[in-house]
Structure formats: structure tokens, C-alpha cells
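S.K.: Have a look at this one.
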Amino acid sequence: VQLQASGGGLVQAGGSLRLACVASVNIFRFHYMDWYRQAPGKQRELVATITNDGSTSYADSVKGRFTISRDNNKNTGYLQMNNLEPEDTAVYYCKVRGMGRPTYWGQGTLVTVSS
């Protein structure tokens with residue numbers, strides 16, 4: 001299983017980006033899809049999670065600004081990021097996991113938010 005994350009880039013504070021995570025297999029087999037991020041010098045942190053039935057959860061720091069979604073027919077997950085802040089600067093990673101299945105990580109995509 002391979003996950004390809006894309007959509008990162010340089011954006012000014014207040015701007016938006018949409019990250020995508022394309023899987024090499026049908027992601028329906030993975031109940032959970034997560035987005036994590038790791039800022040320089042900090043630990044990787046969970047940003048958002050979505051399940052196959054559409055349930056979502058978010059870190060407090062991104063609630064109301066980020067939206068996670070998934071399209072199982074396209075084997076793709078998304079993270080829509082609005083009203084970006086310099087503190088959102090990080091490498092963003094997608095992950096899929098499911099009960100009784102291995103966990104797979106994408107390679108990361110860099111998001112840089114300038115003030």
C-alpha cells in the first residue's frame with residue numbers, strides 16, 4: 001500500500017490549501033484515515049480523523065478552519081485548510097488504519113504559512 005500526499009506549498013496567513021492523499025488500493029478497507037503534522041523541532045501531532053461512515057474529529061487548534069473528507073471511490077482523502085496561520089507550518093502526513101490491518105503512512109507534504 002502506498003499513499004501519495006500532495007497539495008502543500010507556500011501561502012500567506014489567512015489563505016487556504018487543499019491537501020490530497022491518494023492511495024494505491026481501495027481505502028474502504030481502512031476504517032480510519034488521519035492527517036498528522038510535524039513542525040520543525042516538534043513532535044508529530046494528530047490533526048484530523050475521518051471514518052468510513054463519515055465521522056470526523058479535529059485537534060482543537062484546527063477546529064473550524066480545517067475540514068477532512070474522503071472519497072473511497074477515488075481512493076483519496078482530503079484536508080481542506082482555511083484561514084491558515086503561521087503556526088500551521090509543518091509537514092503534513094496522511095495515514096490509513098483499520099481494525100486488524102497494518103497502518104500505512106504517506107510521505108508528507110510541506111505547508112509553509114508566511115505572516
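By order of appearance in the C-alpha cells: chains A, B, ..., then residues from 1 within every chain, and ligands from 1 in the order shown.
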So which residues of stretch 7-107 of chain A fall under helix (DSSP H, G or I) by DSSP, listed as a PDB file with C-alpha atoms, in the first residue's frame?

M.R.:
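Okay, this is what ended up in states.pdb:
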ATOM      1  CA  ILE A  27      -9.204   2.806   1.050  1.00  0.00           C
ATOM      2  CA  PHE A  28     -12.600   1.456   2.021  1.00  0.00           C
ATOM      3  CA  ARG A  29     -10.717  -1.410   3.669  1.00  0.00           C
ATOM      4  CA  ASN A  72     -13.444   5.979  -1.285  1.00  0.00           C
ATOM      5  CA  ASN A  73     -14.362   5.683  -4.969  1.00  0.00           C
ATOM      6  CA  LYS A  74     -11.259   7.708  -5.818  1.00  0.00           C
ATOM      7  CA  PRO A  86       1.961  30.673  10.622  1.00  0.00           C
ATOM      8  CA  GLU A  87       1.596  28.103  13.405  1.00  0.00           C
ATOM      9  CA  ASP A  88       0.167  25.675  10.830  1.00  0.00           C
TER      10      ASP A  88
END

S.K.: Within 12 Å of A:His31, counting only C-alpha atoms, which residues qualify if same-chain residues fewer than 5 places away don't, as a ChimeraX atom specification?

M.R.: /A:26,49-56,70,72,95-103

S.K.: Using only C-alpha atoms, can you tell me which of A:Lys63, A:Met81, A:Gly14, A:Ala90 comes closest to A:Lys42?

M.R.: A:Ala90

S.K.: Tell me, as a CSV table (one decimal) with N, CA and C atoms, in the first residue's frame, which residues lie within 6 Å of A:Val22, counting only C-alpha atoms; anything in the same chain fewer than 3 positions away does not count.

M.R.:
chain,number,residue,atom,x,y,z
A,3,LEU,N,0.8,5.6,-0.2
A,3,LEU,CA,0.0,6.8,0.0
A,3,LEU,C,0.8,8.0,-0.5
A,4,GLN,N,0.2,8.7,-1.4
A,4,GLN,CA,0.9,9.9,-2.0
A,4,GLN,C,0.2,11.1,-1.6
A,75,ASN,N,-10.2,6.5,-3.9
A,75,ASN,CA,-9.1,6.1,-3.1
A,75,ASN,C,-8.3,7.3,-2.6
A,76,THR,N,-9.0,8.4,-2.2
A,76,THR,CA,-8.4,9.7,-1.9
A,76,THR,C,-9.0,10.3,-0.7

S.K.: Using only C-alpha atoms, can you tell me which of A:Gln38, A:Thr89, A:Thr67, A:Gln107 comes closest to A:Gln12?

M.R.: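 Among the listed residues, the smallest separation from A:Gln12 belongs to A:Thr89.
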